[in-house]
$ cat target_26.txt   # compact mmCIF, C-alpha atoms
# COMPACT_ATOMS: atom_id res chain seq x y z
CA MET A 298 17.42 16.76 11.30
CA LYS A 299 20.88 15.24 11.69
CA LEU A 300 22.83 13.04 9.27
CA THR A 301 25.70 10.85 10.49
CA VAL A 302 27.90 9.04 7.99
CA VAL A 303 28.29 5.49 9.34
CA GLY A 304 30.02 4.07 6.26
CA CYS A 305 30.76 5.50 2.83
CA SER A 306 33.22 3.21 1.03
CA GLY A 307 32.08 2.14 -2.42
CA SER A 308 31.73 -1.51 -3.48
CA PHE A 309 33.83 -2.96 -0.63
CA PRO A 310 35.03 -1.68 2.75
CA SER A 311 38.20 0.38 2.92
CA ALA A 312 40.69 0.30 5.78
CA GLU A 313 38.98 3.43 7.14
CA SER A 314 35.31 2.89 6.38
CA PRO A 315 32.56 0.29 6.08
CA CYS A 316 30.36 0.26 3.03
CA SER A 317 27.31 2.46 2.63
CA SER A 318 25.28 3.29 5.73
CA TYR A 319 23.83 6.55 7.03
CA LEU A 320 21.95 7.46 10.22
CA VAL A 321 19.25 10.13 10.04
CA GLU A 322 17.79 11.44 13.29
CA ALA A 323 14.88 13.82 13.88
CA GLY A 324 12.48 14.26 16.76
CA GLY A 325 13.90 11.24 18.59
CA PHE A 326 13.37 8.99 15.54
CA ARG A 327 16.36 7.06 14.17
CA LEU A 328 16.42 5.93 10.55
CA VAL A 329 19.23 3.87 9.03
CA ILE A 330 19.69 4.15 5.27
CA ASP A 331 21.53 1.13 3.86
CA LEU A 332 23.55 -1.34 5.91
CA GLY A 333 26.46 -2.55 3.78
CA ASN A 334 29.50 -4.66 4.60
CA GLY A 335 30.85 -3.83 8.07
CA ALA A 336 28.28 -1.13 8.81
CA LEU A 337 26.55 -2.80 11.76
CA GLY A 338 29.68 -2.66 13.88
CA ALA A 339 30.27 1.01 13.12
CA LEU A 340 26.60 1.88 13.67
CA GLN A 341 26.99 1.01 17.34
CA LYS A 342 29.27 4.04 17.78
CA TYR A 343 26.32 6.31 17.08
CA THR A 344 23.20 4.54 18.35
CA GLY A 345 22.16 1.43 20.23
CA LEU A 346 21.36 -1.70 18.26
CA TYR A 347 17.81 -1.66 19.58
CA ASP A 348 17.24 2.09 19.29
CA VAL A 349 16.82 2.10 15.49
CA ASP A 350 13.23 2.78 14.40
CA ALA A 351 13.38 1.82 10.70
CA VAL A 352 15.73 0.87 7.86
CA LEU A 353 15.67 1.95 4.20
CA LEU A 354 17.53 -0.15 1.65
CA SER A 355 18.32 1.57 -1.63
CA HIS A 356 18.94 -1.76 -3.42
CA LEU A 357 20.04 -5.33 -2.82
CA HIS A 358 23.72 -5.33 -3.72
CA ALA A 359 25.78 -6.61 -0.80
CA ASP A 360 27.59 -3.33 -0.17
CA HIS A 361 24.22 -1.76 0.69
CA CYS A 362 22.28 -4.50 2.46
CA ILE A 363 24.32 -7.48 3.61
CA ASP A 364 24.74 -6.45 7.27
CA LEU A 365 20.99 -6.95 7.71
CA CYS A 366 22.02 -10.60 8.13
CA ALA A 367 24.17 -9.72 11.13
CA TYR A 368 21.44 -7.42 12.42
CA TRP A 369 19.00 -10.33 12.28
CA VAL A 370 21.33 -12.28 14.60
CA ALA A 371 21.65 -9.33 17.00
CA ARG A 372 17.88 -8.96 17.24
CA ASN A 373 16.76 -12.59 17.01
CA TYR A 374 19.13 -13.89 19.69
CA ARG A 375 18.99 -10.92 22.05
CA VAL A 376 19.34 -12.19 25.62
CA GLU A 377 16.36 -10.13 26.78
CA GLY A 378 14.26 -11.47 23.90
CA CYS A 379 13.73 -10.37 20.33
CA PRO A 380 12.37 -6.80 20.02
CA ALA A 381 9.24 -6.05 18.02
CA PRO A 382 9.73 -6.51 14.26
CA LEU A 383 11.72 -3.62 12.79
CA PRO A 384 10.29 -1.97 9.65
CA VAL A 385 12.65 -2.55 6.70
CA TYR A 386 11.74 -0.81 3.44
CA GLY A 387 13.41 -2.20 0.35
CA PRO A 388 12.97 -3.37 -3.24
CA HIS A 389 10.67 -6.26 -4.04
CA GLY A 390 12.25 -9.52 -2.95
CA THR A 391 14.24 -8.07 -0.05
CA ALA A 392 13.07 -10.71 2.42
CA GLU A 393 13.91 -13.56 0.06
CA ARG A 394 17.29 -12.09 -0.88
CA LEU A 395 18.40 -11.82 2.74
CA ALA A 396 17.13 -15.30 3.61
CA ARG A 397 19.18 -16.77 0.75
CA ALA A 398 22.23 -14.78 1.85
CA TYR A 399 21.95 -16.36 5.31
CA ASP A 400 21.22 -19.81 3.84
CA MET A 401 17.86 -20.18 5.54
CA PRO A 402 14.46 -21.13 4.13
CA GLU A 403 12.66 -18.17 2.57
CA GLU A 404 9.65 -18.91 4.79
CA PRO A 405 9.61 -17.57 7.38
CA GLY A 406 13.15 -16.38 6.71
CA MET A 407 13.78 -13.19 8.65
CA LYS A 408 10.15 -12.08 8.63
CA GLU A 409 9.64 -12.67 12.36
CA VAL A 410 12.44 -10.18 13.13
CA PHE A 411 12.00 -7.63 10.32
CA ASP A 412 8.75 -6.19 9.01
CA PHE A 413 9.58 -6.06 5.30
CA ARG A 414 7.77 -3.38 3.30
CA PRO A 415 8.13 -2.65 -0.44
CA LEU A 416 9.34 0.69 -1.71
CA GLY A 417 8.33 1.82 -5.20
CA ASN A 418 8.02 5.36 -6.51
CA ARG A 419 6.07 6.99 -3.72
CA THR A 420 6.01 9.44 -0.82
CA PHE A 421 5.21 8.29 2.70
CA ASP A 422 5.63 9.31 6.33
CA LEU A 423 8.04 7.45 8.56
CA GLY A 424 7.85 8.72 12.11
CA PRO A 425 8.37 12.50 11.83
CA LEU A 426 10.12 12.15 8.45
CA ARG A 427 8.60 12.56 5.00
CA ILE A 428 10.24 10.05 2.64
CA THR A 429 10.14 10.11 -1.15
CA SER A 430 11.62 7.11 -2.97
CA ALA A 431 12.31 7.14 -6.71
CA ARG A 432 13.84 4.59 -9.09
CA VAL A 433 17.36 5.43 -10.25
CA ASN A 434 19.55 4.11 -13.06
CA HIS A 435 21.70 1.24 -11.74
CA LEU A 436 22.12 -1.60 -14.24
CA ASP A 437 18.89 -3.60 -14.40
CA THR A 438 18.58 -3.52 -10.62
CA GLU A 439 15.54 -2.22 -8.75
CA ALA A 440 17.40 0.64 -7.09
CA TYR A 441 16.14 3.77 -5.36
CA GLY A 442 17.25 7.21 -4.34
CA PHE A 443 15.62 8.95 -1.39
CA ARG A 444 14.49 12.43 -0.43
CA ILE A 445 14.03 12.98 3.29
CA GLU A 446 12.29 16.04 4.76
CA HIS A 447 11.65 17.25 8.28
CA GLY A 448 10.76 20.64 9.72
CA GLY A 449 11.76 22.57 6.62
CA ALA A 450 15.09 20.72 6.23
CA SER A 451 15.75 18.33 3.36
CA LEU A 452 18.38 15.93 2.11
CA ALA A 453 18.63 13.63 -0.89
CA TYR A 454 20.54 10.38 -1.27
CA SER A 455 21.36 9.03 -4.71
CA GLY A 456 21.89 5.39 -3.80
CA ASP A 457 23.84 3.81 -6.67
CA THR A 458 23.08 5.22 -10.09
CA GLY A 459 24.35 6.26 -13.46
CA GLU A 460 23.10 9.47 -15.06
CA CYS A 461 19.47 9.91 -14.09
CA ALA A 462 17.02 12.74 -14.72
CA ASP A 463 14.71 11.41 -12.02
CA LEU A 464 17.53 11.85 -9.49
CA VAL A 465 17.71 15.55 -10.37
CA ASP A 466 13.98 15.87 -9.70
CA LEU A 467 14.32 13.96 -6.43
CA ALA A 468 17.14 16.19 -5.16
CA ARG A 469 15.74 19.49 -6.39
CA GLY A 470 16.26 22.30 -3.88
CA THR A 471 17.47 20.09 -1.03
CA ASP A 472 19.82 21.46 1.61
CA LEU A 473 22.25 18.55 1.27
CA PHE A 474 22.74 16.10 -1.61
CA LEU A 475 24.50 12.88 -0.62
CA CYS A 476 25.57 11.66 -4.04
CA GLU A 477 27.65 8.74 -5.19
CA ALA A 478 30.79 9.41 -7.21
CA ALA A 479 32.35 6.00 -7.70
CA TYR A 480 34.00 6.60 -11.05
CA THR A 481 36.72 8.95 -12.26
CA ASP A 482 35.91 11.21 -15.19
CA GLY A 483 37.64 9.96 -18.34
CA LYS A 484 38.77 6.70 -16.75
CA GLU A 485 35.73 4.44 -16.35
CA THR A 486 33.28 4.56 -19.24
CA PHE A 487 30.60 2.07 -18.15
CA GLU A 488 27.09 3.49 -18.44
CA ALA A 489 24.11 3.09 -16.14
CA ILE A 490 26.17 1.88 -13.21
CA HIS A 491 27.78 4.78 -11.33
CA LEU A 492 28.43 8.51 -11.55
CA ASN A 493 31.84 10.14 -11.66
CA GLY A 494 32.71 13.34 -9.83
CA ARG A 495 31.88 15.60 -12.75
CA GLU A 496 28.49 13.95 -13.25
CA ALA A 497 27.70 14.22 -9.56
CA GLY A 498 28.45 17.94 -9.76
CA GLU A 499 26.30 18.32 -12.85
CA HIS A 500 23.36 16.57 -11.17
CA ALA A 501 23.76 18.78 -8.10
CA ALA A 502 23.88 21.94 -10.22
CA ALA A 503 20.81 20.93 -12.22
CA ALA A 504 18.93 20.22 -8.98
CA GLY A 505 19.95 23.51 -7.37
CA VAL A 506 20.98 21.90 -4.09
CA GLY A 507 22.62 23.78 -1.26
CA ARG A 508 25.57 21.49 -0.62
CA LEU A 509 27.05 18.40 -2.27
CA LEU A 510 28.51 15.51 -0.28
CA LEU A 511 30.29 12.87 -2.38
CA THR A 512 30.04 9.28 -1.21
CA HIS A 513 30.42 5.64 -2.34
CA ILE A 514 33.98 6.27 -3.51
CA PRO A 515 35.89 2.96 -3.76
CA PRO A 516 39.33 2.65 -2.15
CA TRP A 517 41.02 2.61 -5.58
CA THR A 518 39.43 5.91 -6.67
CA ASP A 519 41.10 9.29 -6.11
CA ALA A 520 38.47 10.99 -3.95
CA GLU A 521 40.14 14.40 -4.17
CA GLN A 522 40.16 14.26 -7.97
CA ASN A 523 36.44 13.51 -7.88
CA ARG A 524 35.88 16.43 -5.51
CA ARG A 525 37.71 18.79 -7.87
CA ASP A 526 35.74 17.49 -10.85
CA ALA A 527 32.46 17.97 -8.97
CA ALA A 528 33.45 21.47 -7.83
CA ALA A 529 34.15 22.46 -11.44
CA ALA A 530 30.53 21.63 -12.32
CA PHE A 531 28.74 22.71 -9.14
CA PRO A 532 29.07 26.26 -7.72
CA GLY A 533 28.21 25.38 -4.12
CA PRO A 534 30.22 23.66 -1.37
CA VAL A 535 31.52 20.18 -2.24
CA GLU A 536 32.82 17.76 0.38
CA ILE A 537 33.90 14.13 0.54
CA ALA A 538 31.98 11.92 2.98
CA HIS A 539 33.99 10.50 5.87
CA PRO A 540 32.82 7.98 8.49
CA GLY A 541 31.70 9.73 11.65
CA ALA A 542 31.00 13.05 9.94
CA VAL A 543 27.84 14.75 11.25
CA TYR A 544 25.67 17.24 9.38
CA ASP A 545 22.94 19.24 11.09
CA LEU A 546 20.25 20.39 8.67
CA PRO A 547 19.48 23.03 7.69
$ encode --input "target_26.txt" --output "structure tokens"
Amino acid sequence: MKLTVVGCSGSFPSAESPCSSYLVEAGGFRLVIDLGNGALGALQKYTGLYDVDAVLLSHLHADHCIDLCAYWVARNYRVEGCPAPLPVYGPHGTAERLARAYDMPEEPGMKEVFDFRPLGNRTFDLGPLRITSARVNHLDTEAYGFRIEHGGASLAYSGDTGECADLVDLARGTDLFLCEAAYTDGKETFEAIHLNGREAGEHAAAAGVGRLLLTHIPPWTDAEQNRRDAAAAFPGPVEIAHPGAVYDLP
């Protein structure tokens, strides 16, 4: 199983990176997790627009989903004809949210191009991948983290979340934990929105993961400070996500 970081900037794109988007590949299957601002352009560096097999959306904030609008254009108006509907798993109301974002009627909206499927707390197979989705703690938003398993390898993705015991359970024992660290310890004090570096490290330690990869760090946040804070709480390797970085698991 291979993870490629397509975009990892938190809340809005940086000069170096689009917003959240990750490509997971296994057994010839290509899964895109989140497609935030600017991610569709960068995705084309790593796979063809029509080679993606499914999309998972952690939640419906623009920095995680808005480039589905551009992807609808790329698929709907393809010169060779629109491909078969692409499975898109997301929170309830995903189809309606994207239709409103593109200023089109909700019916049929984008449903002839994307096969929208609801998430929820559940485990399901997607191609050769075993997916577990679990609600996380992000304001009052229906937001999910994911656990992805294939051939004995495993990774977890936090999505956007504040402190969350269910995230620890979701990530438990995974080889790689892709965890948001948007805030700086001691600086931002908002609850139930985002983690800081220390909290990301504490969640990783509690889950007993093999490696921690910090992501969703906004341009105004000191990523290296967050890495040091995470490393003080987590005894394993801690890295900062960068666009284009590739991780082969295990």
$ closest_residue --input "target_26.txt" --among "A:His435, A:Gly424, A:Ala527, A:Gly541" --to "Gln341 of chain A" --atoms "all atoms listed in the file"
A:Gly541
$ atom_distance --input "target_26.txt" --atom1 "atom CA of Ala450 of chain A" --atom2 "atom CA of Gly333 of chain A"
26.0 Å
$ atom_distance --input "target_26.txt" --atom1 "atom CA of Gly505 of chain A" --atom2 "atom CA of Gly470 of chain A"
5.2 Å
$ residues_near_point --input "target_26.txt" --point "(26.7, 15.9, -8.7)" --cutoff "8 Å" --atoms "all atoms listed in the file" --output "ChimeraX atom specification"
/A:476,478,494-502,509,511,527,530-531
$ closest_residue --input "target_26.txt" --among "A:Pro415, A:Gly442, A:Pro425, A:Pro534" --to "Pro384 of chain A" --atoms "all atoms listed in the file"
A:Pro415
$ residues_around --input "target_26.txt" --residues "Glu485 of chain A" --least-positions-apart "6" --cutoff "12 Å" --atoms "only C-alpha atoms" --output "list of chain:residue names"
A:Gly459, A:Ala478, A:Ala479, A:His491, A:Leu492, A:Asn493, A:Gly494, A:Thr518
